[in-house]
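This is final_39.txt (compact mmCIF, C-alpha atoms and all ligand atoms).
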```
# COMPACT_ATOMS: atom_id res chain seq x y z
CA MET A 258 -20.28 6.80 -14.92
CA SER A 259 -16.86 7.36 -13.43
CA ALA A 260 -16.59 8.65 -9.83
CA ARG A 261 -16.08 12.42 -9.52
CA ILE A 262 -12.80 13.80 -8.23
CA VAL A 263 -13.47 16.45 -5.56
CA HIS A 264 -11.19 18.89 -3.73
CA GLY A 265 -10.87 21.05 -0.63
CA GLY A 266 -13.39 21.71 2.14
CA GLU A 267 -16.40 20.92 -0.02
CA GLY A 268 -14.80 17.66 -1.13
CA ILE A 269 -14.18 16.72 2.50
CA ARG A 270 -17.82 17.47 3.41
CA ASP A 271 -19.14 15.43 0.47
CA SER A 272 -16.85 12.52 1.39
CA VAL A 273 -17.98 12.53 5.02
CA GLU A 274 -21.62 12.61 3.94
CA LEU A 275 -21.18 9.68 1.56
CA LEU A 276 -19.24 7.65 4.11
CA ARG A 277 -22.02 8.25 6.66
CA GLN A 278 -24.49 6.79 4.18
CA GLY A 279 -22.38 3.66 3.74
CA GLY A 280 -20.53 4.81 0.62
CA VAL A 281 -16.96 4.04 -0.40
CA VAL A 282 -14.58 6.91 -1.19
CA GLY A 283 -11.04 7.12 -2.56
CA LEU A 284 -8.96 9.10 -0.02
CA PRO A 285 -5.34 10.27 0.01
CA THR A 286 -2.88 9.03 2.63
CA GLU A 287 0.82 9.78 3.00
CA THR A 288 1.65 6.33 1.54
CA VAL A 289 -0.81 5.52 -1.27
CA TYR A 290 -4.48 6.31 -1.92
CA GLY A 291 -6.95 4.18 0.03
CA LEU A 292 -10.51 3.07 -0.71
CA ALA A 293 -12.29 3.95 2.51
CA GLY A 294 -15.51 2.81 4.15
CA ASN A 295 -16.88 3.02 7.71
CA ALA A 296 -15.12 0.22 9.61
CA PHE A 297 -18.27 -0.46 11.64
CA ASP A 298 -20.59 -0.72 8.62
CA PRO A 299 -20.45 -4.27 7.21
CA MET A 300 -22.28 -3.22 4.02
CA ALA A 301 -19.68 -0.54 3.30
CA ILE A 302 -16.90 -3.05 3.96
CA ALA A 303 -18.53 -5.53 1.59
CA ARG A 304 -18.60 -2.83 -1.10
CA ILE A 305 -14.85 -2.27 -0.70
CA PHE A 306 -14.15 -5.96 -1.34
CA GLU A 307 -16.51 -5.94 -4.30
CA ALA A 308 -15.05 -2.79 -5.88
CA LYS A 309 -11.51 -4.15 -5.62
CA GLY A 310 -12.36 -7.71 -6.62
CA ARG A 311 -10.56 -8.68 -3.44
CA PRO A 312 -11.04 -12.10 -1.84
CA LEU A 313 -12.89 -11.91 1.50
CA SER A 314 -10.00 -13.81 3.10
CA ASP A 315 -7.74 -10.76 2.77
CA PRO A 316 -8.31 -8.36 5.71
CA LEU A 317 -8.34 -4.53 5.66
CA ILE A 318 -6.29 -1.93 7.55
CA VAL A 319 -8.30 0.27 9.93
CA HIS A 320 -7.38 3.98 10.01
CA ILE A 321 -7.77 6.29 13.01
CA PRO A 322 -6.73 9.95 13.46
CA GLU A 323 -4.97 9.57 16.83
CA MET A 324 -3.82 7.05 19.41
CA GLY A 325 -6.80 8.03 21.60
CA TRP A 326 -9.15 6.16 19.22
CA LEU A 327 -7.17 2.92 19.32
CA GLU A 328 -9.32 1.16 21.89
CA ARG A 329 -12.39 1.58 19.71
CA VAL A 330 -10.98 -1.24 17.61
CA VAL A 331 -8.26 -2.86 19.77
CA ARG A 332 -8.37 -4.69 23.10
CA PHE A 333 -4.88 -4.89 24.59
CA SER A 334 -3.98 -8.28 26.00
CA SER A 335 -1.58 -6.94 28.65
CA ASP A 336 -0.15 -3.74 30.14
CA GLU A 337 3.19 -4.65 28.61
CA GLN A 338 1.61 -4.71 25.17
CA ARG A 339 -0.07 -1.39 25.78
CA ASN A 340 3.25 0.14 26.91
CA LEU A 341 5.07 -1.05 23.83
CA VAL A 342 2.32 0.25 21.54
CA GLU A 343 2.36 3.61 23.32
CA ARG A 344 6.10 3.87 22.80
CA LEU A 345 5.86 2.94 19.12
CA ALA A 346 2.95 5.35 18.66
CA ALA A 347 4.83 8.20 20.31
CA ASN A 348 7.60 7.82 17.75
CA PHE A 349 5.87 6.70 14.54
CA TRP A 350 2.25 7.90 14.67
CA PRO A 351 0.87 9.66 12.79
CA GLY A 352 2.84 7.98 10.02
CA PRO A 353 3.37 4.95 7.79
CA LEU A 354 3.43 2.22 10.45
CA THR A 355 0.63 -0.35 10.72
CA LEU A 356 0.41 -2.48 13.87
CA LEU A 357 -1.28 -5.86 14.12
CA LEU A 358 -3.12 -5.93 17.47
CA PRO A 359 -5.86 -7.96 19.19
CA ARG A 360 -9.22 -6.73 17.91
CA ARG A 361 -12.33 -5.70 19.79
CA PRO A 362 -15.16 -8.18 19.17
CA GLU A 363 -17.50 -5.36 18.04
CA LEU A 364 -15.47 -4.83 14.88
CA PRO A 365 -17.22 -6.56 11.94
CA ASP A 366 -15.62 -9.91 11.05
CA LEU A 367 -15.36 -8.84 7.43
CA VAL A 368 -12.75 -6.20 8.31
CA THR A 369 -10.30 -8.71 9.80
CA ALA A 370 -11.39 -11.64 7.61
CA GLY A 371 -12.36 -13.45 10.81
CA SER A 372 -8.93 -13.01 12.43
CA GLU A 373 -8.64 -12.09 16.11
CA PHE A 374 -6.14 -9.43 15.08
CA VAL A 375 -6.76 -6.09 13.44
CA ALA A 376 -4.23 -4.05 11.49
CA VAL A 377 -4.39 -0.38 12.57
CA ARG A 378 -2.64 2.80 11.63
CA VAL A 379 -2.79 6.53 12.34
CA THR A 380 -2.41 8.28 9.01
CA SER A 381 -0.62 11.64 8.95
CA HIS A 382 -2.50 12.93 5.91
CA PRO A 383 -4.39 16.08 7.00
CA ILE A 384 -7.28 15.44 4.57
CA PHE A 385 -7.77 11.83 5.69
CA GLN A 386 -7.56 13.03 9.29
CA GLU A 387 -10.29 15.61 8.69
CA VAL A 388 -12.55 13.03 7.11
CA LEU A 389 -12.02 10.70 10.09
CA ARG A 390 -12.89 13.46 12.54
CA GLY A 391 -15.89 14.41 10.40
CA ILE A 392 -17.44 10.95 10.32
CA VAL A 393 -16.28 10.21 13.90
CA SER A 394 -15.67 6.55 13.08
CA PRO A 395 -12.58 4.53 12.18
CA LEU A 396 -12.34 3.88 8.43
CA ALA A 397 -11.20 0.63 6.85
CA ALA A 398 -9.12 1.33 3.74
CA PRO A 399 -7.08 -0.96 1.53
CA SER A 400 -5.04 0.58 -1.28
CA ALA A 401 -7.42 1.89 -3.95
CA ASN A 402 -6.45 -0.49 -6.76
CA ARG A 403 -8.04 -3.60 -8.18
CA PHE A 404 -6.82 -6.70 -6.36
CA GLY A 405 -3.23 -7.58 -7.16
CA ARG A 406 -2.59 -4.49 -9.27
CA ILE A 407 -0.48 -1.35 -8.99
CA SER A 408 -1.30 0.88 -6.01
CA PRO A 409 -2.48 4.43 -6.85
CA THR A 410 -0.49 7.48 -5.75
CA SER A 411 -2.74 10.18 -7.25
CA ALA A 412 -6.48 10.87 -7.55
CA ILE A 413 -6.37 10.22 -11.30
CA ASP A 414 -4.78 6.80 -10.69
CA VAL A 415 -7.70 5.93 -8.41
CA GLN A 416 -10.17 7.03 -11.09
CA LEU A 417 -8.41 4.87 -13.69
CA GLU A 418 -8.37 1.85 -11.37
CA LEU A 419 -11.76 2.01 -9.68
CA GLY A 420 -13.68 4.97 -11.13
CA GLU A 421 -16.56 2.81 -12.31
CA SER A 422 -17.17 1.04 -9.02
CA ILE A 423 -16.82 3.66 -6.26
CA ASP A 424 -18.76 6.78 -5.20
CA LEU A 425 -16.24 9.62 -5.01
CA ILE A 426 -12.53 10.41 -5.03
CA LEU A 427 -11.05 13.11 -2.80
CA ASP A 428 -7.95 14.69 -4.28
CA GLY A 429 -5.05 15.31 -1.89
CA GLY A 430 -2.25 15.63 -4.44
CA SER A 431 0.41 12.98 -4.90
CA CYS A 432 1.44 10.75 -2.01
CA LYS A 433 4.58 11.65 -0.07
CA HIS A 434 6.01 8.16 0.50
CA GLY A 435 4.57 6.38 -2.53
CA LEU A 436 4.81 2.90 -0.98
CA GLU A 437 2.42 1.24 1.48
CA SER A 438 2.96 1.39 5.24
CA THR A 439 5.29 -0.96 7.08
CA ILE A 440 3.18 -3.68 8.77
CA VAL A 441 4.47 -4.98 12.10
CA ALA A 442 3.17 -7.77 14.34
CA LEU A 443 4.08 -7.86 18.04
CA ARG A 444 5.54 -11.25 18.92
CA GLU A 445 6.73 -12.78 22.21
CA ASP A 446 10.33 -12.26 21.17
CA GLY A 447 10.00 -8.83 19.54
CA LEU A 448 8.65 -7.28 16.36
CA GLU A 449 7.98 -9.06 13.11
CA ILE A 450 7.82 -7.07 9.88
CA LEU A 451 5.05 -8.56 7.75
CA ARG A 452 5.41 -6.00 4.95
CA PRO A 453 8.45 -3.73 4.51
CA GLY A 454 7.65 -0.05 3.99
CA PRO A 455 8.74 3.50 4.77
CA ILE A 456 9.49 2.72 8.45
CA THR A 457 12.68 0.69 8.24
CA ILE A 458 14.17 -2.18 10.26
CA ASP A 459 16.79 0.19 11.68
CA GLN A 460 14.12 2.55 12.98
CA LEU A 461 12.30 -0.31 14.73
CA LYS A 462 15.35 -1.91 16.34
CA GLU A 463 15.25 0.12 19.53
CA TYR A 464 11.84 -1.40 20.35
CA GLY A 465 13.06 -4.99 20.48
CA HIS A 466 14.42 -7.75 18.31
CA VAL A 467 13.18 -7.26 14.73
CA SER A 468 12.58 -10.23 12.47
CA SER A 469 11.60 -10.03 8.84
CA HIS A 470 11.27 -12.58 6.12
CA ASP A 471 13.78 -12.58 3.34
CA GLY A 472 12.14 -12.95 -0.01
CA MET A 473 8.45 -13.68 -0.33
CA VAL A 474 6.05 -14.66 2.39
CA ASN A 475 2.39 -15.37 2.11
CA THR A 476 0.92 -13.41 4.97
CA PRO A 477 -2.66 -12.75 3.92
CA GLY A 478 -2.62 -10.39 0.98
CA SER A 479 1.15 -10.25 0.77
CA LEU A 480 1.03 -12.62 -2.13
CA PRO A 481 3.79 -12.97 -4.63
CA GLY A 482 2.28 -11.60 -7.80
CA HIS A 483 0.90 -8.52 -6.07
CA TYR A 484 1.49 -5.01 -7.42
CA ALA A 485 1.53 -6.55 -10.89
CA PRO A 486 1.65 -4.61 -14.14
CA LYS A 487 -0.08 -6.07 -17.20
CA LYS A 488 3.24 -6.08 -19.05
CA ARG A 489 6.03 -8.56 -18.38
CA LEU A 490 8.56 -7.18 -15.91
CA ARG A 491 12.14 -8.28 -15.36
CA ILE A 492 14.52 -7.02 -12.67
CA ILE A 493 18.04 -6.33 -13.93
CA ASP A 494 21.28 -5.72 -12.04
CA SER A 495 23.53 -4.98 -14.94
CA ASP A 496 23.58 -2.49 -17.77
CA ILE A 497 25.07 -4.69 -20.46
CA ILE A 498 22.48 -7.39 -20.99
CA PRO A 499 21.49 -7.90 -24.60
CA LEU A 500 17.93 -6.68 -25.08
CA PRO A 501 15.49 -9.14 -26.65
CA SER A 502 15.20 -7.93 -30.24
CA GLU A 503 11.59 -8.97 -30.76
CA ASP A 504 10.29 -6.76 -27.93
CA ARG A 505 9.67 -3.08 -27.46
CA VAL A 506 11.37 -2.50 -24.15
CA GLY A 507 10.69 0.06 -21.40
CA LEU A 508 13.19 0.82 -18.68
CA MET A 509 12.43 1.74 -15.09
CA ALA A 510 15.81 3.15 -14.10
CA PHE A 511 16.62 3.81 -10.46
CA ASP A 512 19.18 6.50 -11.32
CA THR A 513 21.05 7.63 -14.42
CA SER A 514 23.77 4.97 -14.30
CA PHE A 515 22.29 2.60 -16.90
CA GLN A 516 23.39 4.46 -20.02
CA GLU A 517 23.99 1.42 -22.25
CA ILE A 518 20.42 0.17 -22.30
CA ASN A 519 18.91 3.60 -21.90
CA ASP A 520 19.41 4.47 -25.54
CA GLN A 521 17.92 1.19 -26.74
CA CYS A 522 14.68 1.46 -24.77
CA ALA A 523 11.49 2.88 -26.25
CA VAL A 524 10.37 4.43 -22.94
CA VAL A 525 12.56 5.34 -19.97
CA GLU A 526 11.37 6.35 -16.50
CA VAL A 527 14.04 7.54 -14.07
CA LEU A 528 12.97 7.17 -10.43
CA SER A 529 15.62 9.49 -8.99
CA ALA A 530 18.31 11.16 -11.10
CA SER A 531 20.44 11.63 -7.98
CA GLY A 532 19.86 8.05 -6.79
CA GLU A 533 17.90 8.91 -3.65
CA LEU A 534 15.81 6.02 -2.39
CA LYS A 535 13.04 8.14 -0.85
CA GLU A 536 12.53 10.04 -4.09
CA ALA A 537 12.59 6.74 -5.99
CA ALA A 538 9.92 5.28 -3.68
CA ALA A 539 7.67 8.32 -4.16
CA ASN A 540 7.92 7.96 -7.96
CA PHE A 541 7.80 4.16 -8.10
CA TYR A 542 4.14 3.27 -8.69
CA GLY A 543 3.52 6.25 -11.00
CA ALA A 544 6.46 5.23 -13.19
CA LEU A 545 5.36 1.59 -13.20
CA ARG A 546 1.84 2.63 -14.18
CA ARG A 547 3.06 4.87 -17.06
CA LEU A 548 5.32 2.10 -18.39
CA ASP A 549 2.44 -0.34 -18.12
CA GLU A 550 0.16 2.01 -20.08
CA SER A 551 2.80 2.69 -22.76
CA ASN A 552 3.20 0.52 -25.84
CA VAL A 553 6.16 -1.52 -24.59
CA ASP A 554 6.01 -5.33 -24.40
CA LEU A 555 8.55 -5.76 -21.65
CA ILE A 556 9.55 -3.61 -18.66
CA LEU A 557 13.12 -3.86 -17.38
CA ALA A 558 13.48 -2.57 -13.83
CA GLN A 559 16.89 -1.66 -12.46
CA SER A 560 17.32 -3.06 -8.95
CA VAL A 561 17.91 -0.55 -6.15
CA PRO A 562 20.20 -0.83 -3.09
CA GLU A 563 18.47 -2.93 -0.43
CA GLU A 564 18.81 -0.48 2.44
CA GLY A 565 16.29 1.82 4.11
CA ILE A 566 13.14 2.08 1.99
CA GLY A 567 15.05 0.26 -0.79
CA VAL A 568 14.04 -2.96 1.00
CA ALA A 569 10.38 -2.10 0.37
CA ILE A 570 11.01 -1.07 -3.25
CA MET A 571 12.71 -4.41 -3.99
CA ASP A 572 9.91 -6.28 -2.21
CA ARG A 573 7.33 -4.62 -4.50
CA LEU A 574 9.52 -5.15 -7.60
CA ARG A 575 9.91 -8.87 -6.89
CA ARG A 576 6.19 -9.27 -6.46
CA ALA A 577 5.56 -7.21 -9.61
CA SER A 578 7.87 -9.51 -11.59
CA TYR A 579 6.45 -12.75 -10.17
CA GLY A 580 3.79 -13.25 -12.84
CA SER A 581 6.36 -12.76 -15.60
CA LEU A 582 8.74 -15.26 -14.03
CA HIS A 583 6.07 -17.88 -13.45
CA GLY A 584 4.15 -17.39 -16.63
CA THR A 585 0.69 -17.15 -15.10
CA GLY A 586 0.58 -14.32 -12.59
CA HIS A 587 0.00 -11.26 -14.69
CA GLN A 588 -2.57 -13.00 -16.86
CA ASP A 589 -4.48 -14.11 -13.77
CA PHE A 590 -4.53 -10.60 -12.40
CA ASN A 591 -5.85 -9.21 -15.67
CA SER A 592 -9.02 -11.17 -15.13
CA HIS A 593 -9.66 -9.63 -11.71
CA ALA A 594 -11.41 -6.52 -13.04
O1 LIG B 601 -0.14 2.35 3.45
C1 LIG B 601 -1.03 1.51 3.59
O2 LIG B 601 -0.97 0.62 4.43
C2 LIG B 601 -2.25 1.63 2.65
C3 LIG B 601 -2.98 2.92 2.96
C4 LIG B 601 -4.25 3.08 2.16
O3 LIG B 601 -3.24 2.98 4.34
N1 LIG B 601 -3.11 0.50 2.81
C5 LIG B 601 -2.81 -0.74 2.32
O4 LIG B 601 -3.82 -1.66 2.49
O5 LIG B 601 -1.76 -1.00 1.79
P1 LIG B 601 -3.87 -3.04 1.67
O6 LIG B 601 -5.19 -3.63 2.03
O7 LIG B 601 -3.62 -2.80 0.25
O8 LIG B 601 -2.74 -3.89 2.31
C6 LIG B 601 -2.88 -4.27 3.65
C7 LIG B 601 -2.17 -5.54 3.93
C8 LIG B 601 -2.75 -6.72 3.18
O9 LIG B 601 -1.67 -7.51 2.74
C9 LIG B 601 -3.54 -7.43 4.26
O10 LIG B 601 -3.61 -8.80 4.04
C10 LIG B 601 -2.77 -7.11 5.52
O11 LIG B 601 -2.32 -5.79 5.32
N2 LIG B 601 -3.64 -7.13 6.68
C11 LIG B 601 -4.65 -6.29 6.95
N3 LIG B 601 -5.29 -6.66 8.07
C12 LIG B 601 -4.66 -7.77 8.53
C13 LIG B 601 -4.88 -8.64 9.62
N4 LIG B 601 -5.87 -8.45 10.49
N5 LIG B 601 -4.03 -9.68 9.75
C14 LIG B 601 -3.02 -9.90 8.88
N6 LIG B 601 -2.78 -9.11 7.80
C15 LIG B 601 -3.60 -8.07 7.63
MG MG B 602 -2.83 -3.12 -1.54
```

Would you write out, as structure tokens, the structure that this file holds?
Amino acid sequence: MSARIVHGGEGIRDSVELLRQGGVVGLPTETVYGLAGNAFDPMAIARIFEAKGRPLSDPLIVHIPEMGWLERVVRFSSDEQRNLVERLAANFWPGPLTLLLPRRPELPDLVTAGSEFVAVRVTSHPIFQEVLRGIVSPLAAPSANRFGRISPTSAIDVQLELGESIDLILDGGSCKHGLESTIVALREDGLEILRPGPITIDQLKEYGHVSSHDGMVNTPGSLPGHYAPKKRLRIIDSDIIPLPSEDRVGLMAFDTSFQEINDQCAVVEVLSASGELKEAAANFYGALRRLDESNVDLILAQSVPEEGIGVAIMDRLRRASYGSLHGTGHQDFNSHA
């Protein structure tokens, strides 16, 4: 039977109760929906991995409601580190920034996949915050999709992805940012962005030198081939390419500039008619999911300007297209159910 979708105060109470008993619950955050379990309950953590079909080598982000809870899961290695984290927290928390910090040994190994570092963030979503304060424990929560697939940005998406393997889904409407948090590691020489997201390089610059990888890196979980639709996906920069005649083609348009191909495509999703990157990010996964569920054979995705959150959109698009480019990826991910 598929997990129920619940709402409001009663939904929050039911979620807290289930989480207390070691259950796993789909919860809304400001980025994407997460699949949450008590971070200090190894059985609950194991269920998260099982429900997602996620390899145990791929660690989970721990969520807390405020900076004051940080030392339940983190042990700072120096006062300097603590100062920097306090400054970052003052500006970006609650919000879509995840920091990689030295873990406390009490945290179950499963959460960090054995690493000495834990990824932590303070979510700004009021419903997630209430659940955290209700259960009075940090919650580990990866995005609530099957491993390697499209992240969910609504309660229904979570039900479609994981309904059969989780206990409950708490509805908090659609996600404001629509793309996963920016993940940052603190290095000797500054900040390293491990995953681009809503908090941009420019915003981080005042906290030290910022490095980020161009193209694809294989930090754990940031695999090329992530965020993959079942359909083939190709990124396009130009409007005048000849469409393959044997395929039914869907278009994920950034704005309304691609008129030529527009008319030839069976399904068209426009991310932002006015070409605003934030709006495009918020609509991105939903549009990708609808195209994937439609009867097209091939998805063409218009590239977006690589500035601000556009960096994160292009990162996700490249990963989404990886399987199509390399012939194996999307088929592999189909077998991860
Ligand atoms: O916005 C988000 O961050 C969402 C919401 C639900 O909070 N969460 C999310 O989690 O995107 P997930 O598990 O789908 O992606 C987390 C990424 C993975 O690539 C994982 O490998 C990496 O963060 N990560 C988590 N803990 C880590 C650790 N201790 N060391 C290195 N990478 C870590
Ligand atoms: Mg994910």

Proximity check chain A to ligand LIG 601 (chain B), 8 Å, nearest pairs one decimal Å, all atoms listed in the file, as CSV:
```
residue,atom,partner,partner_atom,distance
A:Leu284,CA,B:LIG601,C4,7.9
A:Pro285,CA,B:LIG601,C4,7.6
A:Thr286,CA,B:LIG601,C3,6.1
A:Glu287,CA,B:LIG601,O1,7.5
A:Thr288,CA,B:LIG601,O1,4.8
A:Val289,CA,B:LIG601,C3,5.4
A:Tyr290,CA,B:LIG601,C4,5.2
A:Gly291,CA,B:LIG601,C4,3.6
A:Leu292,CA,B:LIG601,C4,6.9
A:Asp315,CA,B:LIG601,O10,4.7
A:Pro316,CA,B:LIG601,N3,4.2
A:Leu317,CA,B:LIG601,C11,4.3
A:Ile318,CA,B:LIG601,C11,4.7
A:Val319,CA,B:LIG601,N3,7.8
A:His320,CA,B:LIG601,O3,7.1
A:Pro353,CA,B:LIG601,O1,6.2
A:Leu354,CA,B:LIG601,O2,7.6
A:Thr355,CA,B:LIG601,O2,6.6
A:Leu357,CA,B:LIG601,C13,6.4
A:Leu358,CA,B:LIG601,N4,7.9
A:Val368,CA,B:LIG601,N3,7.5
A:Thr369,CA,B:LIG601,N4,4.5
A:Ala370,CA,B:LIG601,N4,7.0
A:Ser372,CA,B:LIG601,N4,5.8
A:Glu373,CA,B:LIG601,N4,7.2
A:Phe374,CA,B:LIG601,N4,4.7
A:Val375,CA,B:LIG601,N4,3.9
A:Ala376,CA,B:LIG601,N3,4.4
A:Val377,CA,B:LIG601,N3,7.8
A:Arg378,CA,B:LIG601,O3,7.3
A:Thr380,CA,B:LIG601,O3,7.1
A:Ala398,CA,B:LIG601,C4,5.4
A:Pro399,CA,B:LIG601,O6,3.3
A:Ser400,CA,B:LIG601,O7,4.0
A:Ala401,CA,B:LIG601,C4,7.0
A:Asn402,CA,B:LIG601,O7,7.9
A:Ser408,CA,B:LIG601,O7,7.6
A:Leu436,CA,B:LIG601,O1,6.7
A:Glu437,CA,B:LIG601,O1,3.4
A:Ser438,CA,B:LIG601,O1,3.7
A:Thr439,CA,B:LIG601,O2,7.0
A:Ile440,CA,B:LIG601,O11,6.8
A:Leu451,CA,B:LIG601,N6,7.8
A:Arg452,CA,B:LIG601,O9,7.6
A:Thr476,CA,B:LIG601,N6,6.3
A:Pro477,CA,B:LIG601,O10,4.1
A:Gly478,CA,B:LIG601,O9,3.5
A:Ser479,CA,B:LIG601,O9,4.4
A:Leu480,CA,B:LIG601,O9,7.6
```

### Query
Smallest atom-to-atom distance to ligand MG 602 (chain B): which of A:Ala558, A:Ile407, A:Ala303, A:Leu500, using all atoms listed in the file?
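Going through A:Ala558, A:Ile407, A:Ala303, A:Leu500 one by one, the smallest distance to ligand MG 602 (chain B) is for A:Ile407.
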
### Message
Give me, as a PyMOL selection string, all polymer residues having an atom no more than 9 Å from Arg261 (chain A), counting all atoms listed in the file and skipping those fewer than 2 positions away in the same chain.
### Response
chain A and resi 258-259+263+416+420+424-427

Let me see the file: selected residues, C-alpha atoms, as a PDB file, in the frame of the given file.
```
ATOM      1  CA  MET A 258     -20.280   6.800 -14.920  1.00  0.00           C
ATOM      2  CA  SER A 259     -16.860   7.360 -13.430  1.00  0.00           C
ATOM      3  CA  VAL A 263     -13.470  16.450  -5.560  1.00  0.00           C
ATOM      4  CA  GLN A 416     -10.170   7.030 -11.090  1.00  0.00           C
ATOM      5  CA  GLY A 420     -13.680   4.970 -11.130  1.00  0.00           C
ATOM      6  CA  ASP A 424     -18.760   6.780  -5.200  1.00  0.00           C
ATOM      7  CA  LEU A 425     -16.240   9.620  -5.010  1.00  0.00           C
ATOM      8  CA  ILE A 426     -12.530  10.410  -5.030  1.00  0.00           C
ATOM      9  CA  LEU A 427     -11.050  13.110  -2.800  1.00  0.00           C
TER      10      LEU A 427
END
```

### Query
Which one of A:Val553, A:Leu419, A:Ile413, A:Ile492 sits closest to Val282 (chain A) if you count all atoms listed in the file?
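Of A:Val553, A:Leu419, A:Ile413, A:Ile492, the one nearest Val282 (chain A), counting all atoms listed in the file, is A:Leu419.
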
### Task
Can you work out the spacing between CA of Ala530 (chain A) and CA of Pro455 (chain A) in Å, to one decimal?
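Distance between the two atoms: 20.1 Å.
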
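Computed from the coordinates, the CA of Asp414 (chain A) to CA of Asn540 (chain A) distance equals 13.0 Å.
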
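For the atom pair formed by CA of Ser581 (chain A) and CA of Glu550 (chain A), the distance is 16.6 Å, given to one decimal.
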
### Protein and nucleic acid residues near (-12.4, -12.5, -3.4) (cut-off 12 Å, only C-alpha atoms) as a list in words
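All residues meeting the 12 Å criterion around (-12.4, -12.5, -3.4) are Ala303, Arg304, Ile305, Phe306, Glu307, Ala308, Lys309, Gly310, Arg311, Pro312, Leu313, Ser314, Asp315, Pro316, Leu367, Ala370, Arg403, Phe404, Gly405, Gly478, His593 and Ala594 of chain A.
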
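Taking all atoms listed in the file, the non-local environment of Leu396 (chain A) within 9 Å (same-chain residues fewer than 6 positions away omitted) comprises Leu276, Ala293, Gly294, Asn295, Ala296, Phe297, Ile318, Val319, His320, Ile321 and Leu389 of chain A.
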